[in-house]
file input.txt (compact mmCIF, C-alpha atoms)
# COMPACT_ATOMS: atom_id res chain seq x y z
CA MET A 1 -16.74 -14.43 21.60
CA VAL A 2 -17.22 -14.92 17.88
CA ASP A 3 -19.20 -17.73 16.31
CA PHE A 4 -19.17 -19.31 12.88
CA GLY A 5 -20.94 -17.02 10.42
CA ASP A 6 -20.68 -13.85 12.52
CA GLU A 7 -20.04 -10.77 10.40
CA PHE A 8 -18.56 -7.35 10.97
CA GLN A 9 -17.98 -4.34 8.77
CA PHE A 10 -16.65 -0.81 8.97
CA GLN A 11 -16.02 2.02 6.57
CA PRO A 12 -12.35 3.01 6.50
CA ASP A 13 -11.12 6.49 5.66
CA VAL A 14 -9.34 6.42 2.30
CA SER A 15 -9.55 10.15 1.67
CA MET A 16 -6.67 11.78 -0.20
CA GLU A 17 -5.52 13.44 3.03
CA THR A 18 -5.33 10.13 4.90
CA VAL A 19 -3.64 8.30 2.02
CA ARG A 20 -1.06 11.07 1.70
CA THR A 21 -0.34 10.83 5.42
CA PHE A 22 -0.09 7.04 5.14
CA VAL A 23 2.31 6.98 2.21
CA LYS A 24 4.67 9.38 3.97
CA ALA A 25 4.75 7.11 7.02
CA ALA A 26 5.15 4.03 4.81
CA ARG A 27 7.88 5.73 2.73
CA MET A 28 5.99 5.07 -0.50
CA ASP A 29 5.05 8.57 -1.60
CA PHE A 30 4.39 7.82 -5.28
CA TRP A 31 2.03 9.64 -7.66
CA ARG A 32 -0.07 6.57 -8.34
CA PHE A 33 -1.25 6.87 -4.73
CA THR A 34 -1.52 10.64 -4.41
CA ASP A 35 -2.32 12.23 -7.78
CA HIS A 36 -5.58 11.32 -9.55
CA GLU A 37 -4.74 13.10 -12.77
CA ARG A 38 -1.28 11.62 -13.18
CA ALA A 39 -2.50 8.15 -12.16
CA ARG A 40 -5.02 8.35 -15.04
CA LYS A 41 -2.67 9.93 -17.54
CA ASP A 42 0.60 8.11 -16.88
CA GLY A 43 -0.54 5.03 -15.01
CA GLY A 44 -3.60 4.00 -17.00
CA LEU A 45 -5.44 3.78 -13.70
CA PRO A 46 -8.99 4.96 -12.95
CA GLY A 47 -7.49 7.41 -10.43
CA ALA A 48 -5.05 7.44 -7.55
CA ILE A 49 -5.20 4.09 -5.78
CA VAL A 50 -4.96 3.06 -2.15
CA PRO A 51 -1.66 1.24 -1.52
CA GLY A 52 -2.07 -2.52 -1.14
CA ILE A 53 -0.43 -2.51 2.26
CA MET A 54 -2.90 0.14 3.45
CA SER A 55 -5.80 -2.06 2.31
CA GLN A 56 -4.20 -4.94 4.19
CA GLY A 57 -3.76 -2.73 7.27
CA ILE A 58 -7.42 -1.71 7.05
CA LEU A 59 -8.49 -5.37 7.03
CA ALA A 60 -6.24 -6.06 10.03
CA ALA A 61 -7.85 -3.10 11.81
CA ALA A 62 -11.29 -4.55 10.98
CA ILE A 63 -10.27 -7.79 12.69
CA HIS A 64 -9.10 -5.91 15.78
CA ARG A 65 -12.39 -3.98 15.91
CA PHE A 66 -14.34 -7.22 15.51
CA VAL A 67 -12.34 -9.19 18.07
CA PRO A 68 -11.04 -6.75 20.71
CA GLY A 69 -7.98 -8.25 22.38
CA GLY A 70 -7.55 -10.81 19.59
CA THR A 71 -4.09 -11.30 18.15
CA LEU A 72 -3.66 -11.54 14.41
CA ARG A 73 -1.46 -14.53 13.58
CA ARG A 74 -1.72 -14.56 9.82
CA ILE A 75 -3.30 -12.39 7.16
CA ASP A 76 -3.22 -13.24 3.47
CA THR A 77 -4.55 -10.62 1.07
CA ILE A 78 -5.05 -10.60 -2.68
CA PHE A 79 -5.13 -7.24 -4.42
CA ARG A 80 -7.71 -8.13 -7.05
CA ALA A 81 -8.57 -4.63 -8.26
CA PRO A 82 -7.72 -1.05 -7.30
CA VAL A 83 -9.37 0.75 -4.41
CA ILE A 84 -9.72 4.37 -5.47
CA VAL A 85 -8.54 7.16 -3.19
CA GLY A 86 -11.49 9.23 -2.02
CA SER A 87 -13.99 6.41 -2.51
CA SER A 88 -16.14 4.84 0.21
CA PRO A 89 -15.09 1.20 0.51
CA LEU A 90 -16.41 -1.21 3.10
CA ALA A 91 -14.14 -3.59 5.03
CA LYS A 92 -15.93 -6.83 5.88
CA CYS A 93 -15.02 -9.87 7.98
CA VAL A 94 -16.91 -13.11 8.38
CA VAL A 95 -16.03 -15.95 10.74
CA THR A 96 -15.41 -19.16 8.79
CA HIS A 97 -14.08 -21.41 11.56
CA VAL A 98 -13.75 -21.36 15.35
CA ASP A 99 -11.59 -23.75 17.31
CA GLU A 100 -12.49 -23.11 20.92
CA ASP A 101 -10.00 -25.67 22.26
CA GLU A 102 -7.14 -23.91 20.52
CA GLY A 103 -8.63 -20.44 21.03
CA VAL A 104 -8.32 -19.64 17.35
CA ALA A 105 -10.74 -18.30 14.74
CA GLU A 106 -10.48 -17.96 10.97
CA PHE A 107 -12.00 -15.21 8.89
CA ASP A 108 -12.73 -14.32 5.28
CA LEU A 109 -11.99 -10.68 4.53
CA THR A 110 -13.08 -8.35 1.76
CA LEU A 111 -12.72 -4.71 0.89
CA GLU A 112 -15.60 -3.73 -1.38
CA ASN A 113 -16.30 -0.60 -3.36
CA GLU A 114 -19.58 1.32 -3.34
CA ALA A 115 -20.98 -1.05 -5.99
CA GLY A 116 -20.36 -4.02 -3.72
CA GLU A 117 -17.52 -5.27 -5.93
CA THR A 118 -14.66 -7.00 -4.17
CA ARG A 119 -11.40 -5.11 -4.68
CA VAL A 120 -9.26 -6.84 -2.04
CA LEU A 121 -9.93 -10.21 -0.50
CA GLY A 122 -8.19 -12.42 1.97
CA THR A 123 -8.20 -14.65 4.99
CA ALA A 124 -6.97 -14.27 8.54
CA VAL A 125 -6.18 -16.45 11.51
CA VAL A 126 -6.62 -14.87 14.92
CA SER A 127 -5.82 -16.02 18.45
CA LEU A 128 -8.87 -15.18 20.53
CA PRO A 129 -8.38 -13.32 23.78
CA PRO A 130 -8.51 -15.38 26.98
CA THR A 131 -12.07 -16.05 28.12
CA ASP A 132 -11.86 -13.70 31.10
CA GLU A 133 -10.98 -10.81 28.74
CA ARG A 134 -13.89 -11.39 26.36
CA GLY A 135 -16.51 -10.14 28.79
CA ASP A 136 -19.17 -12.46 27.45
CA GLU A 137 -18.89 -15.57 29.57
CA MET B 1 7.85 -16.71 -20.51
CA ALA B 2 7.90 -20.42 -21.29
CA VAL B 3 7.02 -23.09 -18.74
CA MET B 4 10.58 -24.36 -18.89
CA ASP B 5 11.85 -20.95 -17.85
CA VAL B 6 9.73 -21.09 -14.73
CA ASP B 7 11.24 -24.43 -13.85
CA LYS B 8 14.71 -23.04 -14.43
CA LEU B 9 14.01 -19.99 -12.30
CA LYS B 10 12.72 -22.20 -9.54
CA ALA B 11 15.73 -24.47 -9.59
CA ARG B 12 18.16 -21.57 -9.68
CA PHE B 13 16.69 -19.08 -7.23
CA VAL B 14 14.09 -20.53 -4.87
CA GLY B 15 15.15 -20.80 -1.26
CA ARG B 16 18.42 -18.91 -1.63
CA GLU B 17 18.94 -15.89 0.57
CA PHE B 18 20.08 -12.94 -1.53
CA ASP B 19 19.79 -9.90 0.73
CA THR B 20 20.03 -8.94 4.37
CA SER B 21 18.93 -5.47 5.40
CA GLU B 22 18.35 -3.66 8.68
CA PHE B 23 15.27 -1.59 9.43
CA VAL B 24 14.32 0.60 12.36
CA VAL B 25 10.66 0.40 13.39
CA LYS B 26 10.15 4.12 13.94
CA HIS B 27 7.57 5.16 16.50
CA GLU B 28 5.96 7.94 14.46
CA ASP B 29 5.73 5.83 11.32
CA ALA B 30 4.17 2.88 13.15
CA LEU B 31 1.64 5.09 14.92
CA THR B 32 0.67 6.96 11.75
CA PHE B 33 0.38 3.67 9.86
CA ALA B 34 -2.00 2.35 12.56
CA ARG B 35 -4.13 5.47 12.69
CA CYS B 36 -4.46 5.80 8.91
CA CYS B 37 -5.63 2.19 8.69
CA GLY B 38 -8.35 2.86 11.26
CA GLU B 39 -6.71 0.85 14.01
CA THR B 40 -8.55 1.30 17.30
CA ASP B 41 -6.83 -1.41 19.35
CA SER B 42 -4.80 0.50 21.91
CA ARG B 43 -1.91 -1.98 21.62
CA TYR B 44 -1.25 -0.35 18.24
CA SER B 45 -2.76 3.12 18.59
CA ASP B 46 -1.76 4.18 22.11
CA PRO B 47 1.97 4.55 22.86
CA GLU B 48 1.11 4.52 26.59
CA HIS B 49 -0.33 1.00 26.40
CA PRO B 50 1.87 -1.48 28.30
CA ASP B 51 1.91 -3.79 25.25
CA TYR B 52 2.37 -1.01 22.70
CA GLN B 53 3.71 -2.41 19.42
CA ALA B 54 3.59 -1.71 15.69
CA PRO B 55 0.59 -3.12 13.80
CA PRO B 56 1.20 -6.72 12.68
CA THR B 57 1.19 -5.76 8.98
CA PHE B 58 3.54 -2.78 9.39
CA LEU B 59 6.65 -4.68 8.29
CA ALA B 60 5.10 -5.23 4.83
CA ARG B 61 6.17 -1.66 4.02
CA PHE B 62 9.88 -2.52 4.04
CA VAL B 63 11.89 -3.62 1.03
CA GLY B 64 15.49 -4.76 1.14
CA ARG B 65 18.48 -3.18 -0.59
CA ARG B 66 17.90 -5.69 -3.36
CA THR B 67 14.39 -6.77 -4.29
CA MET B 68 15.56 -9.60 -6.52
CA PRO B 69 18.67 -11.78 -6.68
CA GLU B 70 21.55 -10.25 -8.65
CA GLU B 71 21.26 -12.57 -11.62
CA PHE B 72 17.48 -12.72 -11.69
CA PRO B 73 16.08 -11.85 -15.17
CA ALA B 74 14.30 -8.74 -13.91
CA ASP B 75 13.70 -7.42 -17.44
CA GLU B 76 11.23 -10.23 -18.04
CA PHE B 77 9.20 -9.01 -15.08
CA ARG B 78 9.17 -5.30 -15.85
CA GLY B 79 5.38 -5.26 -16.20
CA ALA B 80 4.77 -7.29 -13.07
CA PHE B 81 2.19 -6.07 -10.57
CA ASP B 82 1.67 -6.54 -6.85
CA GLY B 83 -0.76 -9.42 -6.47
CA GLY B 84 -0.95 -9.54 -2.71
CA LYS B 85 0.75 -9.84 0.62
CA LEU B 86 0.85 -12.52 3.27
CA VAL B 87 1.97 -11.61 6.76
CA VAL B 88 2.61 -14.27 9.39
CA ALA B 89 3.05 -12.66 12.79
CA HIS B 90 5.32 -14.75 14.99
CA ALA B 91 5.84 -12.16 17.74
CA PRO B 92 4.85 -8.55 18.49
CA VAL B 93 6.60 -5.97 16.31
CA PRO B 94 8.76 -3.93 18.70
CA VAL B 95 8.68 -0.17 18.21
CA GLY B 96 11.99 1.66 18.25
CA GLU B 97 14.06 -1.46 17.63
CA THR B 98 16.19 -2.49 14.70
CA LEU B 99 15.09 -5.61 12.87
CA ILE B 100 17.12 -7.63 10.42
CA ALA B 101 15.35 -8.94 7.34
CA ALA B 102 16.62 -11.74 5.12
CA SER B 103 15.14 -11.95 1.62
CA GLN B 104 14.67 -14.93 -0.63
CA ILE B 105 12.51 -16.07 -3.52
CA ALA B 106 10.18 -18.54 -1.82
CA ASP B 107 8.44 -19.84 -4.93
CA VAL B 108 7.98 -19.36 -8.66
CA PHE B 109 4.94 -20.88 -10.33
CA ARG B 110 2.61 -20.49 -13.25
CA LYS B 111 -1.17 -20.32 -13.38
CA THR B 112 -3.56 -20.05 -16.26
CA GLY B 113 -6.83 -18.23 -15.78
CA ARG B 114 -9.46 -16.45 -17.85
CA SER B 115 -7.03 -13.66 -18.65
CA GLY B 116 -4.33 -16.06 -19.80
CA ALA B 117 -1.17 -17.46 -18.29
CA MET B 118 0.60 -15.71 -15.44
CA THR B 119 3.88 -16.26 -13.68
CA PHE B 120 3.94 -15.72 -9.92
CA ILE B 121 7.05 -14.87 -7.97
CA VAL B 122 6.77 -15.16 -4.20
CA HIS B 123 9.30 -12.83 -2.56
CA ARG B 124 9.80 -13.56 1.13
CA MET B 125 11.30 -11.46 3.90
CA GLU B 126 11.89 -12.87 7.37
CA PHE B 127 12.27 -10.23 10.06
CA ARG B 128 14.20 -11.02 13.22
CA ASP B 129 15.28 -8.95 16.19
CA ARG B 130 18.93 -8.68 17.20
CA ALA B 131 18.55 -11.73 19.46
CA GLY B 132 17.49 -13.76 16.42
CA THR B 133 13.83 -14.10 17.41
CA LEU B 134 11.62 -14.45 14.36
CA ILE B 135 9.14 -11.54 14.43
CA SER B 136 7.37 -11.74 11.10
CA THR B 137 7.38 -13.39 7.70
CA VAL B 138 6.14 -11.27 4.81
CA ASP B 139 5.43 -12.78 1.40
CA TRP B 140 4.89 -10.52 -1.57
CA LYS B 141 3.30 -12.00 -4.69
CA LEU B 142 4.52 -10.45 -7.92
CA ILE B 143 2.48 -11.39 -10.97
CA GLN B 144 3.62 -11.16 -14.56
CA LYS B 145 1.05 -11.73 -17.29
CA GLU B 146 2.60 -13.69 -20.10
CA GLY B 147 2.88 -11.71 -23.29
CA ALA B 148 2.45 -8.44 -21.39

call {"tool": "encode", "arguments": {"input": "input.txt", "output": "structure tokens"}}
result
Amino acid sequence: MVDFGDEFQFQPDVSMETVRTFVKAARMDFWRFTDHERARKDGGLPGAIVPGIMSQGILAAAIHRFVPGGTLRRIDTIFRAPVIVGSSPLAKCVVTHVDEDEGVAEFDLTLENEAGETRVLGTAVVSLPPTDERGDE
Amino acid sequence: MAVMDVDKLKARFVGREFDTSEFVVKHEDALTFARCCGETDSRYSDPEHPDYQAPPTFLARFVGRRTMPEEFPADEFRGAFDGGKLVVAHAPVPVGETLIAASQIADVFRKTGRSGAMTFIVHRMEFRDRAGTLISTVDWKLIQKEGA
């Protein structure tokens, strides 16, 4: 069971190998995601960047790790700044509201870079698993 | 883009369906998507799980045959960037099935921040199965900085 203020974090794998595998599966195999040099030269970017939908998927995965058996109902993400491929970001969730009667919790989400700067932020609403599946009652 | 243009865009395009496309939720793609995102919930990462399904954000990867209405002034949004995605999961995303997505412009609005004025276009896709059950709503925020 999660309580207001509870936090969770994990370090996702955004290595070039993983991003290249992801973009093939997502059918978005573009150089801005897979080629540092070209992303700098032609895209004006600091390097190849992690696709926004991968960042969103990482934050959804963070929720599922935090609340095993929980069901994501809504996730709203803002791509504030690029997440660089090959960097070491941290996905963080914090519980901002719990409605035990409805079995729902709300979360703030962030994906931060090594300097602790927020690159992606968002919110999520999750249906909590039934009490007998939480293993904490 | 002038404020009046935003109002005109809103009046002309918001809420009107302009594309319907079909997508197959392929098993390998859904599984790879889940694993690359670090998904450990076996509902999404283990095809043997009785409730196996695609991750709830998987449908955000699809775009329709048209991304904007035919008469939309796309040239004015050539420098637009992806500002974010909202996914509302109404039902599990079935793997191996064909989903039908209807696209519309859900909103057009303007905001002024420290970096100046920006126009937001909210592009919405509603995914349904063949029985018509709403599976997911995906909103994509496109942002155009004015003067860019």

call {"tool": "atom_distance", "arguments": {"input": "input.txt", "atom1": "atom CA of A:Asp29", "atom2": "atom CA of B:Lys141"}}
result
20.9 Å

call {"tool": "interface_residues", "arguments": {"input": "input.txt", "of": "chain B", "to": "chain A", "cutoff": "7 Å", "atoms": "all atoms listed in the file", "output": "NGL selection string"}}
result
:B and (29 or 32-33 or 36-41 or 57 or 60-61 or 83-90)

call {"tool": "atom_distance", "arguments": {"input": "input.txt", "atom1": "atom CA of A:Gly116", "atom2": "atom CA of A:Pro46"}}
result
17.2 Å

call {"tool": "residues_around", "arguments": {"input": "input.txt", "residues": "B:Arg66", "least_positions_apart": "4", "cutoff": "9 Å", "atoms": "all atoms listed in the file", "output": "PyMOL selection string"}}
result
chain B and resi 18-21+70+103

call {"tool": "atom_distance", "arguments": {"input": "input.txt", "atom1": "atom CA of B:Val93", "atom2": "atom CA of B:Glu48"}}
result
15.7 Å

call {"tool": "closest_residue", "arguments": {"input": "input.txt", "among": "B:Lys111, B:Arg124, B:Arg65, B:His27", "to": "B:Gly15", "atoms": "all atoms listed in the file"}}
result
B:Arg124

call {"tool": "residues_around", "arguments": {"input": "input.txt", "residues": "A:Val2", "least_positions_apart": "3", "cutoff": "12 Å", "atoms": "all atoms listed in the file", "output": "ChimeraX atom specification"}}
result
/A:5-8,63,66-68,70,93-100,103-107,126-129,131,134-137

call {"tool": "residues_near_point", "arguments": {"input": "input.txt", "point": "(2.9, -7.3, -13.4)", "cutoff": "8 Å", "atoms": "only C-alpha atoms", "output": "PyMOL selection string"}}
result
chain B and resi 77-82+142-145

call {"tool": "residues_near_point", "arguments": {"input": "input.txt", "point": "(15.1, -6.1, 7.1)", "cutoff": "6 Å", "atoms": "only C-alpha atoms", "output": "PDB file with C-alpha atoms, keeping the file's coordinate frame"}}
result
ATOM      1  CA  SER B  21      18.930  -5.470   5.400  1.00  0.00           C
ATOM      2  CA  GLU B  22      18.350  -3.660   8.680  1.00  0.00           C
ATOM      3  CA  PHE B  23      15.270  -1.590   9.430  1.00  0.00           C
ATOM      4  CA  LEU B  99      15.090  -5.610  12.870  1.00  0.00           C
ATOM      5  CA  ILE B 100      17.120  -7.630  10.420  1.00  0.00           C
ATOM      6  CA  ALA B 101      15.350  -8.940   7.340  1.00  0.00           C
ATOM      7  CA  PHE B 127      12.270 -10.230  10.060  1.00  0.00           C
TER       8      PHE B 127
END

call {"tool": "residues_around", "arguments": {"input": "input.txt", "residues": "B:Ala11", "least_positions_apart": "3", "cutoff": "12 Å", "atoms": "only C-alpha atoms", "output": "list in words"}}
result
Met4, Asp5, Val6, Asp7, Lys8, Val14, Gly15, Arg16, Ile105, Ala106, Asp107, Val108 and Phe109 of chain B

call {"tool": "residues_around", "arguments": {"input": "input.txt", "residues": "A:Trp31", "least_positions_apart": "3", "cutoff": "10 Å", "atoms": "only C-alpha atoms", "output": "VMD selection string"}}
result
chain A and resid 20 28 34 to 39 42 to 43 48 to 49

call {"tool": "build_atoms", "arguments": {"input": "input.txt", "residues": "stretch 23-48 of chain B", "atoms": "N, CA and C atoms", "output": "PDB file, in the coordinates of the input"}}
result
ATOM      1  N   PHE B  23      16.328  -2.601   9.422  1.00  0.00           N
ATOM      2  CA  PHE B  23      15.270  -1.590   9.430  1.00  0.00           C
ATOM      3  C   PHE B  23      14.966  -1.180  10.866  1.00  0.00           C
ATOM      4  N   VAL B  24      14.749   0.111  11.039  1.00  0.00           N
ATOM      5  CA  VAL B  24      14.320   0.600  12.360  1.00  0.00           C
ATOM      6  C   VAL B  24      12.800   0.772  12.308  1.00  0.00           C
ATOM      7  N   VAL B  25      12.113   0.222  13.288  1.00  0.00           N
ATOM      8  CA  VAL B  25      10.660   0.400  13.390  1.00  0.00           C
ATOM      9  C   VAL B  25      10.432   1.724  14.127  1.00  0.00           C
ATOM     10  N   LYS B  26      10.252   2.780  13.351  1.00  0.00           N
ATOM     11  CA  LYS B  26      10.150   4.120  13.940  1.00  0.00           C
ATOM     12  C   LYS B  26       8.767   4.337  14.560  1.00  0.00           C
ATOM     13  N   HIS B  27       8.792   4.931  15.740  1.00  0.00           N
ATOM     14  CA  HIS B  27       7.570   5.160  16.500  1.00  0.00           C
ATOM     15  C   HIS B  27       6.533   5.952  15.705  1.00  0.00           C
ATOM     16  N   GLU B  28       6.926   7.083  15.164  1.00  0.00           N
ATOM     17  CA  GLU B  28       5.960   7.940  14.460  1.00  0.00           C
ATOM     18  C   GLU B  28       5.365   7.239  13.242  1.00  0.00           C
ATOM     19  N   ASP B  29       6.209   6.531  12.519  1.00  0.00           N
ATOM     20  CA  ASP B  29       5.730   5.830  11.320  1.00  0.00           C
ATOM     21  C   ASP B  29       4.729   4.731  11.689  1.00  0.00           C
ATOM     22  N   ALA B  30       5.053   3.982  12.745  1.00  0.00           N
ATOM     23  CA  ALA B  30       4.170   2.880  13.150  1.00  0.00           C
ATOM     24  C   ALA B  30       2.822   3.423  13.634  1.00  0.00           C
ATOM     25  N   LEU B  31       2.874   4.507  14.389  1.00  0.00           N
ATOM     26  CA  LEU B  31       1.640   5.090  14.920  1.00  0.00           C
ATOM     27  C   LEU B  31       0.782   5.676  13.800  1.00  0.00           C
ATOM     28  N   THR B  32       1.417   6.380  12.875  1.00  0.00           N
ATOM     29  CA  THR B  32       0.670   6.960  11.750  1.00  0.00           C
ATOM     30  C   THR B  32       0.078   5.859  10.877  1.00  0.00           C
ATOM     31  N   PHE B  33       0.858   4.827  10.633  1.00  0.00           N
ATOM     32  CA  PHE B  33       0.380   3.670   9.860  1.00  0.00           C
ATOM     33  C   PHE B  33      -0.891   3.126  10.519  1.00  0.00           C
ATOM     34  N   ALA B  34      -0.844   2.910  11.831  1.00  0.00           N
ATOM     35  CA  ALA B  34      -2.000   2.350  12.560  1.00  0.00           C
ATOM     36  C   ALA B  34      -3.204   3.265  12.454  1.00  0.00           C
ATOM     37  N   ARG B  35      -3.001   4.536  12.686  1.00  0.00           N
ATOM     38  CA  ARG B  35      -4.130   5.470  12.690  1.00  0.00           C
ATOM     39  C   ARG B  35      -4.754   5.609  11.301  1.00  0.00           C
ATOM     40  N   CYS B  36      -3.924   5.666  10.275  1.00  0.00           N
ATOM     41  CA  CYS B  36      -4.460   5.800   8.910  1.00  0.00           C
ATOM     42  C   CYS B  36      -5.262   4.563   8.497  1.00  0.00           C
ATOM     43  N   CYS B  37      -4.911   3.418   9.032  1.00  0.00           N
ATOM     44  CA  CYS B  37      -5.630   2.190   8.690  1.00  0.00           C
ATOM     45  C   CYS B  37      -6.906   2.030   9.520  1.00  0.00           C
ATOM     46  N   GLY B  38      -7.135   2.936  10.451  1.00  0.00           N
ATOM     47  CA  GLY B  38      -8.350   2.860  11.260  1.00  0.00           C
ATOM     48  C   GLY B  38      -8.213   1.948  12.465  1.00  0.00           C
ATOM     49  N   GLU B  39      -6.966   1.738  12.877  1.00  0.00           N
ATOM     50  CA  GLU B  39      -6.710   0.850  14.010  1.00  0.00           C
ATOM     51  C   GLU B  39      -7.204   1.486  15.302  1.00  0.00           C
ATOM     52  N   THR B  40      -8.043   0.768  16.035  1.00  0.00           N
ATOM     53  CA  THR B  40      -8.550   1.300  17.300  1.00  0.00           C
ATOM     54  C   THR B  40      -8.048   0.504  18.498  1.00  0.00           C
ATOM     55  N   ASP B  41      -7.387  -0.616  18.254  1.00  0.00           N
ATOM     56  CA  ASP B  41      -6.830  -1.410  19.350  1.00  0.00           C
ATOM     57  C   ASP B  41      -5.688  -0.626  19.971  1.00  0.00           C
ATOM     58  N   SER B  42      -5.790  -0.366  21.267  1.00  0.00           N
ATOM     59  CA  SER B  42      -4.800   0.500  21.910  1.00  0.00           C
ATOM     60  C   SER B  42      -3.397  -0.095  21.949  1.00  0.00           C
ATOM     61  N   ARG B  43      -3.273  -1.394  21.718  1.00  0.00           N
ATOM     62  CA  ARG B  43      -1.910  -1.980  21.620  1.00  0.00           C
ATOM     63  C   ARG B  43      -1.142  -1.375  20.454  1.00  0.00           C
ATOM     64  N   TYR B  44      -1.886  -0.903  19.445  1.00  0.00           N
ATOM     65  CA  TYR B  44      -1.250  -0.350  18.240  1.00  0.00           C
ATOM     66  C   TYR B  44      -1.414   1.159  18.112  1.00  0.00           C
ATOM     67  N   SER B  45      -2.427   1.705  18.802  1.00  0.00           N
ATOM     68  CA  SER B  45      -2.760   3.120  18.590  1.00  0.00           C
ATOM     69  C   SER B  45      -2.437   4.009  19.794  1.00  0.00           C
ATOM     70  N   ASP B  46      -2.031   3.392  20.901  1.00  0.00           N
ATOM     71  CA  ASP B  46      -1.760   4.180  22.110  1.00  0.00           C
ATOM     72  C   ASP B  46      -0.348   3.877  22.632  1.00  0.00           C
ATOM     73  N   PRO B  47       0.591   4.798  22.414  1.00  0.00           N
ATOM     74  CA  PRO B  47       1.970   4.550  22.860  1.00  0.00           C
ATOM     75  C   PRO B  47       2.105   4.341  24.366  1.00  0.00           C
ATOM     76  N   GLU B  48       1.068   4.712  25.131  1.00  0.00           N
ATOM     77  CA  GLU B  48       1.110   4.520  26.590  1.00  0.00           C
ATOM     78  C   GLU B  48       0.663   3.114  26.995  1.00  0.00           C
TER      79      GLU B  48
END
